[in-house]
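**Student:** Sharing a structure, written as structure tokens. Questions coming.
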Amino acid sequence: MDAPLTLPPEPGAVSCLDDLARALSELRAWAGSPSYAMLTDAIGTLRAERGDARRPGKVTVYDCFREGRKRLDAQLFADVIEVLGVPRRAQPAWHQAYRSAMGSVGDPVTVGGPSVLLPPPRTRLIGRERELADLAASRPGSISMVMGLAGAGKTELALQVANRWLRQLGPTALGLSVDLRGFDPDLAPLSSASMLARLLAAVGVAPSRFDGAAAFSMAELLREAVGERPLVLLLDNAHGASQVMPLLPIGRRWRLIVTSRRRLTELEPSADYQVVLGELSPQAALRVLAGEIGAERVGAEPAAAAQIANRCGLLALDLRLAGAAIAAESDDWTLADHVVRLAALPADEMMRPALWLSYQALTEPVRRLLRLAALHPGPWVGSEQLAAMAGLAADVVAGHTEVLLSEHLLAETASGYVLHDLVRAFALRQGVLEDPRSQQVAAVRRLAAVLVAEAQAHAVTGRPDLEWLEQHLPVLQAFSDVAADWGLSSERARLVLLYSEFLDTSGRLAVAEDLIRLALTKTDAETELLLRRKLGRVLELRGEFDAALVELSAAADPRSPEYGRALNGIGNVCKRAGRPQAAVGYYCRAVRHGVADLDRGRALGNLADTLRMLGHQDLAEQLFDAGVAMSRRAGDAVGMAVAAGNRCILVEQQGHLGRASQLAVTSVQQFDELGFVAPSLTVQQVVIRCRIATGDLAGAQQALTAAIAQARSVGIAQISCELRVIGASLLAAQGRRDQAMDEFEAAIADAERLGTPLPAIGGYNGLGELLADVGRRDEASAAFDAAVALAKANGDRVELARAHQGLAAIAAQGTAP
């Protein structure tokens with residue numbers, strides 16, 4: 001089937017299979033309404049190409065588009081959107097829609113989503129002083145709109161205004177910015193839901209709170225999350241008013257500024273200030289040109305300078321590019337000579353005169369470097385990556401790069417070099433015209449080799465370079481989106497595996513899942529085992545235990561050197577799912593089959609913690625020591641930190657609260673330095689419980705508030721339930737008994753709904769102790785009985801002993817004289 005010339009529709013807000021069927025029907029219409037027989041043939045061909053002999057029936061394919069069905073096979077869905085022509089980079093949104101329809105929890109923020117922090121202005125503003133003053137004077141609660149031609153300076157004016165607002169409002173103000181992609185040549189405009197998802201994530205709202213919600217509900221959640229803080233929000237490159245409308249009405253302390261190339265009629269009644277940018281005045285245009293080539297040259301040839309400004313359409317971007325090209329040329333060229341050359345250039349919009357002039361002034365090696373830089377999929381490109389793509393020595397490429405910087409065809413940032421969108425589009429077009437595809441593929445393959453080598457140097461297992469990984473994550477995400485198009489699926493899988501530990505321990509579970517599933521679409525059998533083990537770990541952390549066991553069981557191949565790690569992963573799932581006896585068996589096998597001290601040390605630490613749960617404290621302490629020794633030999637900082645964190649819980653259970661609290665504070669610092677959110681939150685609970693037990697209620701409240709805020713940012717269900725149980729205990733200690741009972745009951749309900757039994761056991765015990773204190777013995781006995789039943793079923797002997805102790809106390813009260 002021929003691919004349509006327009007971009008595919010987004011699935012939109014999907015909450016059930018009927019919504020998904022309607023979205024697929026719209027996608028089929030966009031693809032030209034191919035018959036179901038054609039779709040069936042295309043899917044059969046697609047599967048045959050990857051070695052899958054299963055061919056769906058025509059009725060099965062037809063059912064994908066029919067409302068009223070109860071389920072939809074994930075692989076069939078993926079094949080349908082593939083044959084209907086959805087580009088790779090747009091497919092994650094469709095897979096997210098599928099997960100929403102099937103009732104899974106996922107993160108709707110797109111993979112590779114850019115930062116939404118408001119960036120600083122990029123250049124000095126010339127010729128827009130009046131507009132800047134008018135917009136900067138807007139009041140809180142106002143909406144401003146900047147409309148106008150491409151290249152007129154809308155974004156720069158909006159950045160100047162927004163940053164001035166932010167400075168005026170002070171350090172408590174939030175400054176956010178989202179590119180709505182209204183006129184992106186490769187990507188569809190950002191939906192209002194995707195825009196709001198990015199904003200919600202930026203203000204710390206867990207994805208689980210807004211996944212599948214309608215845009216207007218998400219906007220209400222954003223208003224709630226921002227609260228009374230001042231907010232400066234720039235929405236750049238709007239395609240239509242519908243992208244912005246769900247935000248209305250904006251908060252009373254917000255300032256919203258929207259830019260677009262087109263008039264946003266529906267938004268105009270709500271806008272307080274509107275500015276339409278056209279051409280610069282001739283005087284301002286000459287000032288921009290003078291800034292590039294010098295006021296003396298403009299003064300010496302004013303007529304020629306005016307002609308150049310007019311040829312550039314009096315647009316700031318074109319003037320700066322043309323000026324840089326003129327400044328780089330020999331002084332033998334007068335401005336009049338440049339006028340003649342500009343006039344002879346083609347008027348095709350894709351070869352804007354200023355860009356073409358800059359390009360023609362370059363030597364061929366420098367032109368080639370620009371074309372190759374445009375092939376880099378990331379938001380920026382490093383110098384070593386550029387050198388690899390060009391296949392040249394670093395000093396040669398550095399010289400070429402300096403030329404591109406002086407011509408304003410590249411810009412330098414703290415992360416690397418960036419191309420303006422117009423420059424990238426121009427360079428890509430020239431690449432198609434001038435470079436053989438085989439040479440482009442070779443260049444991107446060299447880039448992939450450098451990306452893998454850099455990641456290997458910084459993503460060392462047990463000793464990750466967190467700052468570097470954080471900085472380079474957007475490059476990994478962008479490369480993953482396009483790797484298959486360049487035949488680099490194996491390199492993509494290697495990169496995803498290298499980043500996986502950093503992603504799951506830093507709480508980026510949705511990003512990790514999307515990247516792993518993308519890598520699984522095409523990989524070899526050995527790498528598939530590794531990816532499925534990593535996917536199992538992510539699903540375990542998200543509380544999807546059944547799905548995690550499926551992936552980990554598939555990865556547990558006795559012939560693989562990763563067998564021990566897969567067994568350790570299965571043990572983790574069993575432990576978290578309330579099956580500690582089964583977990584012990586898997587951990588023992590993991591120790592036996594581990595191929596290195598790192599693997600065996602981690603498995604021993606997990607085994608020790610599970611035995612602690614089962615009441616074998618002495619044996620647990622011995623195994624903690626053995627595991628730490630192995631981790632130390634392996635240089636595994638992660639393994640040592642995890643073992644130290646689990647030991648805090650053991651010391652707490654032994655009744656040494658002061659020592660447990662001290663060890664826990666140290667352990668939290670270690671986890672925070674490593675960037676490990678989930679284990680840090682587990683150990684923070686020890687700190688809070690010890691402070692409650694020792695009467696430091698103010699300190700406990702402070703620590704609990706911080707932990708809850710951190711837990712919301714990662715959305716790990718079990719930890720949220722555990723913190724809720726601790727919060728109820730704190731309320732009881734504060735004498736707020738009625739609130740504490742309500743909170744215990746809510747925490748138990750949450751735990752049972754999510755299928756995480758361990759917090760429910762603690763909740764029943766806490767509720768029983770509180771009810772016993774107020775003399776409601778029958779209700780207390782019922783709560784302790786529920787705790788006993790759950791603790792026995794899940795092998796938690798610590799909580800079982802606590803429940804028996806509570807029942808014994810009630811019985812003693814009943815027999816007292």
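Chain labels run A, B, ... following the order of the structure tokens; each chain numbers its residues from 1, and ligands are numbered from 1 in the order shown.
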Could you give me, as an MDAnalysis selection string, the residues within 12 Å of Thr694 (chain A), counting only C-alpha atoms and dropping anything in the same chain fewer than 6 positions from it?

**Tutor:** chainID A and resid 655:658 660:661 687:688 700 730 733

**Student:** Just the strand (DSSP E or B) stuff from region 397-603 of chain A, please, per backbone DSSP, written as JSON, numbers by chain.

**Tutor:** {"A": [411, 412, 417, 418, 459, 460, 463, 464]}

**Student:** Take the selection from the previous step and output its residues with C-alpha atoms, as a PDB file, in the first residue's frame.

**Tutor:**
ATOM      1  CA  ALA A 411      24.602  26.883  17.326  1.00  0.00           C
ATOM      2  CA  GLU A 412      26.598  25.741  20.356  1.00  0.00           C
ATOM      3  CA  TYR A 417      25.674  21.560  18.634  1.00  0.00           C
ATOM      4  CA  VAL A 418      22.105  22.209  17.475  1.00  0.00           C
ATOM      5  CA  ALA A 459      26.574   2.925  32.053  1.00  0.00           C
ATOM      6  CA  VAL A 460      28.829   0.533  33.978  1.00  0.00           C
ATOM      7  CA  ARG A 463      28.650   2.149  38.964  1.00  0.00           C
ATOM      8  CA  PRO A 464      26.542   4.238  36.560  1.00  0.00           C
TER       9      PRO A 464
END

**Student:** Need to verify the contact set: Gln701 (chain A), 9 Å, only C-alpha atoms, exclusion of same-chain residues closer than 4 positions in sequence. Can you return it as an mmCIF file with N, CA, C and O atoms, in the first residue's frame?

**Tutor:**
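Written out: result16.cif:
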data_model
loop_
_atom_site.group_PDB
_atom_site.id
_atom_site.type_symbol
_atom_site.label_atom_id
_atom_site.label_comp_id
_atom_site.auth_asym_id
_atom_site.auth_seq_id
_atom_site.Cartn_x
_atom_site.Cartn_y
_atom_site.Cartn_z
ATOM 1 N N ILE A 688 11.178 7.096 58.908
ATOM 2 C CA ILE A 688 9.898 7.634 59.392
ATOM 3 C C ILE A 688 9.370 6.788 60.550
ATOM 4 O O ILE A 688 8.920 7.324 61.578
ATOM 5 N N ILE A 692 8.641 7.975 64.446
ATOM 6 C CA ILE A 692 7.343 7.819 65.114
ATOM 7 C C ILE A 692 7.520 7.062 66.426
ATOM 8 O O ILE A 692 6.989 7.463 67.474
ATOM 9 N N ASP A 696 9.521 11.502 67.752
ATOM 10 C CA ASP A 696 9.874 12.665 66.928
ATOM 11 C C ASP A 696 8.821 12.820 65.823
ATOM 12 O O ASP A 696 9.081 12.556 64.647
ATOM 13 N N LEU A 697 7.631 13.264 66.188
ATOM 14 C CA LEU A 697 6.521 13.294 65.237
ATOM 15 C C LEU A 697 6.689 14.392 64.195
ATOM 16 O O LEU A 697 6.297 14.215 63.030
ATOM 17 N N THR A 705 6.229 13.685 54.277
ATOM 18 C CA THR A 705 5.790 14.596 53.212
ATOM 19 C C THR A 705 6.755 14.551 52.032
ATOM 20 O O THR A 705 6.338 14.493 50.864
ATOM 21 N N ALA A 706 8.048 14.560 52.316
ATOM 22 C CA ALA A 706 9.056 14.509 51.248
ATOM 23 C C ALA A 706 8.993 13.184 50.500
ATOM 24 O O ALA A 706 9.097 13.138 49.265
ATOM 25 N N GLY A 727 1.604 6.777 57.033
ATOM 26 C CA GLY A 727 0.897 8.025 57.318
ATOM 27 C C GLY A 727 -0.230 7.822 58.310
ATOM 28 O O GLY A 727 -0.464 8.667 59.197
ATOM 29 N N LEU A 730 1.241 7.565 61.714
ATOM 30 C CA LEU A 730 1.625 8.879 62.220
ATOM 31 C C LEU A 730 0.406 9.641 62.741
ATOM 32 O O LEU A 730 0.461 10.286 63.794
#

**Student:** Find the distance between CA of Gly763 (chain A) and CA of Ala717 (chain A) and write it in Å to one decimal.

**Tutor:**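 Rounded to one decimal, the two atoms are 15.0 Å apart.
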
**Student:** Let me make sure I understand: among A:Thr123, A:Thr756, A:Ser260, A:Ser406, which one has the smallest atom-to-atom distance to Leu321 (chain A) if we use only C-alpha atoms?

**Tutor:**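 Looking at the shortest contact to Leu321 (chain A), the residue is A:Ser406.
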
**Student:** Any idea what's packed within 8 Å of region 565-575 of chain A, counting only C-alpha atoms, ignoring anything in its chain fewer than 3 positions away? Could you give it as a compact mmCIF listing (two decimals) with N, CA and C atoms, in the first residue's frame?

**Tutor:**
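Output (result23.txt):
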# COMPACT_ATOMS: atom_id res chain seq x y z
N ARG A 533 14.12 -9.95 30.04
CA ARG A 533 14.43 -9.90 31.46
C ARG A 533 14.31 -8.47 31.97
N GLY A 536 10.71 -7.57 32.22
CA GLY A 536 10.12 -8.17 33.42
C GLY A 536 10.41 -7.35 34.66
N ARG A 537 11.62 -6.81 34.76
CA ARG A 537 11.97 -5.96 35.90
C ARG A 537 11.10 -4.71 35.94
N GLU A 540 7.61 -5.60 36.98
CA GLU A 540 7.58 -5.90 38.43
C GLU A 540 7.48 -4.62 39.24
N PHE A 545 2.58 -8.02 38.22
CA PHE A 545 3.36 -9.21 38.55
C PHE A 545 3.16 -10.35 37.56
N ALA A 548 5.02 -9.59 34.48
CA ALA A 548 6.45 -9.67 34.74
C ALA A 548 6.93 -11.12 34.74
N LEU A 549 6.15 -12.02 35.36
CA LEU A 549 6.54 -13.43 35.39
C LEU A 549 6.58 -14.04 34.00
N LEU A 552 9.92 -12.78 32.48
CA LEU A 552 11.09 -13.34 33.14
C LEU A 552 11.20 -14.84 32.92
N SER A 553 10.08 -15.53 32.89
CA SER A 553 10.10 -16.98 32.63
C SER A 553 10.61 -17.25 31.23
N ALA A 555 12.68 -15.39 29.68
CA ALA A 555 14.11 -15.05 29.65
C ALA A 555 14.97 -16.06 30.39
N ALA A 556 14.36 -16.92 31.21
CA ALA A 556 15.13 -17.86 32.05
C ALA A 556 15.52 -19.10 31.25
N GLU A 562 22.85 -15.37 31.30
CA GLU A 562 21.98 -14.49 32.08
C GLU A 562 20.95 -15.27 32.90
N GLY A 578 4.04 -11.43 47.45
CA GLY A 578 3.60 -12.11 48.67
C GLY A 578 3.84 -13.60 48.67
N ARG A 579 4.86 -14.08 47.93
CA ARG A 579 5.19 -15.51 47.91
C ARG A 579 6.65 -15.68 48.32
N PRO A 580 6.99 -15.36 49.57
CA PRO A 580 8.40 -15.37 49.96
C PRO A 580 9.06 -16.74 49.93
N ALA A 582 8.51 -19.16 47.79
CA ALA A 582 8.91 -19.39 46.40
C ALA A 582 10.11 -18.52 46.05
N ALA A 583 10.12 -17.27 46.56
CA ALA A 583 11.24 -16.37 46.28
C ALA A 583 12.55 -16.95 46.79
N VAL A 584 12.52 -17.56 47.98
CA VAL A 584 13.74 -18.17 48.54
C VAL A 584 14.31 -19.20 47.58
N GLY A 585 13.43 -20.05 47.04
CA GLY A 585 13.90 -21.07 46.10
C GLY A 585 14.56 -20.47 44.88
N TYR A 586 13.96 -19.44 44.31
CA TYR A 586 14.53 -18.82 43.11
C TYR A 586 15.84 -18.10 43.44
N TYR A 587 15.92 -17.44 44.60
CA TYR A 587 17.16 -16.77 44.97
C TYR A 587 18.29 -17.77 45.16
N ARG A 589 18.63 -20.66 43.68
CA ARG A 589 19.04 -21.08 42.34
C ARG A 589 19.83 -19.97 41.64
N ALA A 590 19.43 -18.70 41.89
CA ALA A 590 20.14 -17.59 41.27
C ALA A 590 21.58 -17.52 41.77
N GLY A 594 24.60 -17.98 39.20
CA GLY A 594 25.22 -16.70 38.89
C GLY A 594 26.63 -16.91 38.36
N ASP A 599 26.44 -10.83 40.27
CA ASP A 599 25.14 -11.52 40.23
C ASP A 599 24.87 -12.26 41.53
N ALA A 603 21.91 -11.56 44.46
CA ALA A 603 20.96 -12.62 44.81
C ALA A 603 21.04 -12.96 46.29
N ASN A 606 19.18 -10.31 48.27
CA ASN A 606 17.72 -10.51 48.18
C ASN A 606 17.27 -11.69 49.02
N THR A 610 14.61 -11.68 52.25
CA THR A 610 13.41 -12.52 52.27
C THR A 610 13.40 -13.40 53.52

**Student:** If you measure from CA of Phe65 (chain A) to CA of Asp546 (chain A), what distance in Å do you get, rounded to one decimal?

**Tutor:**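 Computing the Euclidean distance for CA of Phe65 (chain A) and CA of Asp546 (chain A) yields 28.3 Å.
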
**Student:** Measuring atom to atom with only C-alpha atoms, identify which of A:Ala336, A:Val725, A:Val798, A:Ala786 is nearest to Arg612 (chain A).

**Tutor:**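 Closest candidate: A:Val798.
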
**Student:** Give the answer as one residue: which of A:Ile810, A:Ala206, A:Val788, A:Ala322 has the shortest atom-to-atom distance to Val288 (chain A), using only C-alpha atoms?

**Tutor:**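 Ranked by minimum distance to Val288 (chain A), first place goes to A:Ala322.
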
**Student:** So that I can check the surroundings of Leu614 (chain A), please list as a list in words every protein, DNA and RNA residue that reaches within 10 Å of it, counting only C-alpha atoms and ignoring chain neighbours fewer than 6 positions away.

**Tutor:**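 Final neighbour list, sorted by chain and number: Pro580, Gln581, Val584, Ala608, Ala620, Asn794, Gly795, Asp796, Arg797, Val798, Glu799 and Leu800 of chain A.
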
**Student:** With a distance cut-off of 10 Å and only C-alpha atoms, select the neighbouring residues of region 128-132 of chain A, excluding the residue or stretch itself and same-chain residues fewer than 3 positions from it, and output the selection as an MDAnalysis selection string.

**Tutor:** chainID A and resid 125 135:137 146 153:154 156:158 160:162 164 274:277 280:281 284

**Student:** Taking N, CA and C atoms for each residue, export the selection above as a short mmCIF file (atom, residue, chain, number, x, y, z; two decimals), in the first residue's frame.

**Tutor:**
data_model
loop_
_atom_site.label_atom_id
_atom_site.label_comp_id
_atom_site.auth_asym_id
_atom_site.auth_seq_id
_atom_site.Cartn_x
_atom_site.Cartn_y
_atom_site.Cartn_z
N LEU A 125 17.08 41.03 20.81
CA LEU A 125 15.87 41.38 20.07
C LEU A 125 16.04 42.76 19.44
N LEU A 135 3.57 43.48 25.57
CA LEU A 135 3.30 42.15 26.09
C LEU A 135 3.79 41.99 27.52
N ALA A 136 4.94 42.58 27.83
CA ALA A 136 5.52 42.43 29.16
C ALA A 136 4.64 43.08 30.23
N ALA A 137 3.79 44.01 29.83
CA ALA A 137 2.93 44.71 30.79
C ALA A 137 1.65 43.96 31.11
N VAL A 146 1.04 35.68 19.94
CA VAL A 146 1.97 36.26 18.97
C VAL A 146 1.81 35.48 17.68
N GLY A 153 10.23 36.00 13.88
CA GLY A 153 10.75 36.21 15.23
C GLY A 153 9.73 36.02 16.33
N LYS A 154 8.68 35.24 16.04
CA LYS A 154 7.62 35.02 17.05
C LYS A 154 8.17 34.33 18.29
N GLU A 156 11.26 34.09 19.37
CA GLU A 156 12.23 34.89 20.12
C GLU A 156 11.53 35.98 20.93
N LEU A 157 10.52 36.63 20.35
CA LEU A 157 9.77 37.63 21.10
C LEU A 157 9.08 37.00 22.30
N ALA A 158 8.45 35.84 22.09
CA ALA A 158 7.76 35.16 23.19
C ALA A 158 8.75 34.75 24.29
N GLN A 160 11.57 36.29 25.03
CA GLN A 160 11.97 37.51 25.73
C GLN A 160 10.90 37.92 26.73
N VAL A 161 9.63 37.89 26.30
CA VAL A 161 8.53 38.28 27.17
C VAL A 161 8.42 37.33 28.36
N ALA A 162 8.42 36.02 28.08
CA ALA A 162 8.25 35.03 29.14
C ALA A 162 9.37 35.11 30.16
N ARG A 164 11.17 37.74 30.85
CA ARG A 164 11.01 38.98 31.63
C ARG A 164 9.96 38.77 32.72
N GLN A 274 -2.85 40.60 21.78
CA GLN A 274 -2.56 39.94 20.52
C GLN A 274 -1.57 40.80 19.73
N VAL A 275 -0.55 40.16 19.21
CA VAL A 275 0.44 40.84 18.38
C VAL A 275 0.60 40.03 17.11
N VAL A 276 0.56 40.71 15.97
CA VAL A 276 0.80 40.06 14.68
C VAL A 276 2.13 40.58 14.15
N LEU A 277 3.10 39.70 14.04
CA LEU A 277 4.42 40.08 13.55
C LEU A 277 4.50 39.86 12.05
N LEU A 280 10.13 43.08 9.56
CA LEU A 280 10.75 44.16 10.31
C LEU A 280 10.64 45.45 9.52
N SER A 281 10.72 46.54 10.21
CA SER A 281 10.81 47.81 9.48
C SER A 281 12.14 47.84 8.72
N ALA A 284 14.93 48.64 11.11
CA ALA A 284 15.30 47.53 12.00
C ALA A 284 16.02 46.44 11.23
#

**Student:** What does the distance between CA of Ala390 (chain A) and CA of Leu473 (chain A) come to in Å, to one decimal place?

**Tutor:**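 Between these atoms lies a distance of 22.9 Å.
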
**Student:** Could you pull the residues within 9 Å of region 734-737 of chain A, counting only C-alpha atoms, minus those fewer than 4 positions along the same chain, as a ChimeraX atom specification?

**Tutor:** /A:697,728-730,741-742,770,774

**Student:** Give me a file of those residues, with all heavy atoms, as a short mmCIF file (atom, residue, chain, number, x, y, z; two decimals), in the first residue's frame.

**Tutor:**
data_model
loop_
_atom_site.label_atom_id
_atom_site.label_comp_id
_atom_site.auth_asym_id
_atom_site.auth_seq_id
_atom_site.Cartn_x
_atom_site.Cartn_y
_atom_site.Cartn_z
N LEU A 697 7.63 13.26 66.19
CA LEU A 697 6.52 13.29 65.24
C LEU A 697 6.69 14.39 64.20
O LEU A 697 6.30 14.21 63.03
CB LEU A 697 5.20 13.47 65.99
CG LEU A 697 4.89 12.40 67.06
CD1 LEU A 697 3.48 12.60 67.60
CD2 LEU A 697 5.06 11.00 66.48
N ALA A 728 -0.93 6.69 58.19
CA ALA A 728 -2.00 6.39 59.16
C ALA A 728 -1.42 6.19 60.55
O ALA A 728 -1.99 6.64 61.56
CB ALA A 728 -2.76 5.15 58.71
N SER A 729 -0.28 5.51 60.63
CA SER A 729 0.37 5.31 61.94
C SER A 729 0.77 6.64 62.56
O SER A 729 0.65 6.83 63.78
CB SER A 729 1.61 4.41 61.78
OG SER A 729 1.26 3.14 61.27
N LEU A 730 1.24 7.57 61.71
CA LEU A 730 1.62 8.88 62.22
C LEU A 730 0.41 9.64 62.74
O LEU A 730 0.46 10.29 63.79
CB LEU A 730 2.33 9.68 61.12
CG LEU A 730 2.77 11.10 61.50
CD1 LEU A 730 3.69 11.10 62.70
CD2 LEU A 730 3.46 11.77 60.30
N MET A 741 -7.90 5.88 61.42
CA MET A 741 -8.70 4.71 61.02
C MET A 741 -9.11 4.80 59.56
O MET A 741 -9.03 3.82 58.81
CB MET A 741 -9.93 4.59 61.92
CG MET A 741 -9.62 4.16 63.34
SD MET A 741 -11.13 4.00 64.33
CE MET A 741 -10.45 3.86 65.97
N ASP A 742 -9.58 5.99 59.16
CA ASP A 742 -9.98 6.17 57.76
C ASP A 742 -8.80 5.92 56.82
O ASP A 742 -8.96 5.30 55.76
CB ASP A 742 -10.51 7.59 57.54
CG ASP A 742 -11.85 7.82 58.23
OD1 ASP A 742 -12.52 6.82 58.59
OD2 ASP A 742 -12.22 9.00 58.42
N LEU A 770 -4.96 0.18 66.71
CA LEU A 770 -5.67 1.42 67.00
C LEU A 770 -7.07 1.13 67.58
O LEU A 770 -7.49 1.75 68.56
CB LEU A 770 -5.79 2.26 65.73
CG LEU A 770 -6.42 3.64 65.85
CD1 LEU A 770 -5.71 4.48 66.91
CD2 LEU A 770 -6.40 4.36 64.51
N VAL A 774 -8.77 1.95 71.58
CA VAL A 774 -9.99 2.70 71.91
C VAL A 774 -11.08 1.77 72.44
O VAL A 774 -12.25 2.18 72.56
CB VAL A 774 -10.50 3.49 70.68
CG1 VAL A 774 -9.48 4.53 70.26
CG2 VAL A 774 -10.84 2.57 69.52
#

**Student:** Counting only C-alpha atoms, which residue out of A:Leu166, A:Leu247, A:Val686, A:Ala327 sits closest to Ser217 (chain A)?

**Tutor:** A:Leu247

**Student:** Using only C-alpha atoms, find the one residue out of A:Phe210, A:Tyr499, A:Phe744, A:Phe479 that sits nearest to Arg724 (chain A).

**Tutor:**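 Using only C-alpha atoms, the shortest distance to Arg724 (chain A) belongs to A:Phe744.
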